[in-house]
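S.K.: One structure is given below, represented as structure tokens, and several questions about it will come after.
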Amino acid sequence: MFMKSDIFRAPTLCLSLMVSAAGLCADSFALAQATAAAPAAARQIGTVKAISGSSITLTTDAGQPLTVSVADAARILQLAPGSTDLKTAQSITLADIAVGDRILVTGKAGDSAGALIASRVILMKSSDIAQKNETEKADWQKRGSGGLVSAVDAGTGVVTISAGVKKIQVQTSGSTKFRRYAGDSVKFEDTKPGTLAQIQVGDQLRVRGARSEDGSSIQAEEVVSGSFKNLAGTIATLDAASGTLTLKDLTTKRTMTVKVTANSDIRRLPPQAAAMFAARAKGGPNAEAGSSGGNAQGTVPGAGQGAGQGAGGMGAGAGGPGRRSAGMDLSQMLVRLPNETVADLKVGDAVMIVASQAELGSSTVMAVTLLSGVEPILAATPSGAPMTLSPWNVGGGAPDGGGGGQ
């Protein structure tokens, strides 16, 4: 089902989708908000790469190098991660800035391209950001949930999501923070501030907040959503050099072109695990197995002991023992499978894919998560509908990470 970071690389898929990516996104937004009145041409945000005297080498969020000359009279302030109010900032010196820190500089263009003379520098320490990210990641794992949107009531602000066999009422309010994945990106740092009105039935959604005692509702503090496509089928053509493959989706019967990028997450399911999930999908003797699809310790044969059950599993806790959706369990397990590359794939491989779609109705999508080794599962579910993957659990951009989203 639904979010390569760590809340929230979203999508992974802003929730493994993904702590650092989420924190980077949230703190970039906070820095931008803090100086929203400054002309865009005189304002740059990025990460410090080097410092020499009063000169700072910066890599901007657009990936461009920038040489910043800090004027003698420049104001240098330190802002806490997530804060947008300069009244809370502390005055510091240039010596307090270190390589790896995040800064926002405002001033005027220098004498050459890629140069800026700063009249103000706002700092967010990398150590503070890392600590905030870890705290938010833990909170997303503890108080986060997610699933497919099955209903939206704009009047009451309630969004109903399906998490496995369980329905959860997501209660939003004026204080709820919304973020939305970009249609042409699989990275959480590319998410943008969103609204309740953008959420549609069929979207993937991740929410963090206080649960009711019976787990049937959540008072949403933060919501990350996006529209993703689930595909399943056999690879018909493959161009590893360009990272492009085609397949005929079992559900829609459409031939889709899938682009695999450096941010796509590629995994292979071990044969024994694939057979187990296939048996569940058919309601066979393993259908009532534990939530991890393995032994009593929750491991899957052939899968490494990586992230635990809480690492982004959207379906965690849904349905109670013996009743969890096979698709949700599959998503939870992905973080423990070894990574692969496009070169490991071949024509004829059966795959399940979570993809983003830049244009509605387009036959070309971008892979968020690609899982191979699923021949037994597709044979057991020829329509492709009963089992889906979740972008929140794998990759860099998902809300397990914090800040709004991996």
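Labels for the structure tokens follow display order: chains A, B, ..., residues from 1 in each chain, ligands from 1.
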Fewer than 3 positions away in the same chain doesn't count, so skip those; otherwise give me all residues within 6 Å of region 365-379 of chain A, counting only C-alpha atoms, as a PyMOL selection string.

M.R.: chain A and resi 186+258-260+264-269+274-275+278+350-357+382

S.K.: Counting only C-alpha atoms, figure out which residue out of A:Val149, A:Ser55, A:Pro270, A:Ile199 gets nearest to Ala95 (chain A).

M.R.: A:Ser55

S.K.: Which residues come within 10 Å of Thr59 (chain A), counting only C-alpha atoms, excluding same-chain residues fewer than 3 positions away, as an MDAnalysis selection string?

M.R.: chainID A and resid 44:50 56 62:67 102

S.K.: Counting only C-alpha atoms, what is within 9 Å of Lys346 (chain A), bar same-chain residues fewer than 6 positions away, as a list in words?

M.R.: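 Counting only C-alpha atoms, the residues come to Ile235, Thr237, Leu238 and Ala240 of chain A.
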
S.K.: How about saving the chosen residues, N, CA and C atoms kept, as a CSV table (one decimal), in the first residue's frame?

M.R.:
chain,number,residue,atom,x,y,z
A,235,ILE,N,7.8,-8.4,-15.8
A,235,ILE,CA,8.6,-7.5,-16.6
A,235,ILE,C,8.6,-8.0,-18.0
A,237,THR,N,9.8,-5.7,-20.7
A,237,THR,CA,11.0,-5.2,-21.3
A,237,THR,C,11.8,-4.6,-20.2
A,238,LEU,N,13.1,-4.5,-20.4
A,238,LEU,CA,14.0,-4.0,-19.3
A,238,LEU,C,15.2,-3.3,-20.0
A,240,ALA,N,18.3,-1.7,-18.4
A,240,ALA,CA,19.0,-1.4,-17.1
A,240,ALA,C,19.8,-0.1,-17.2
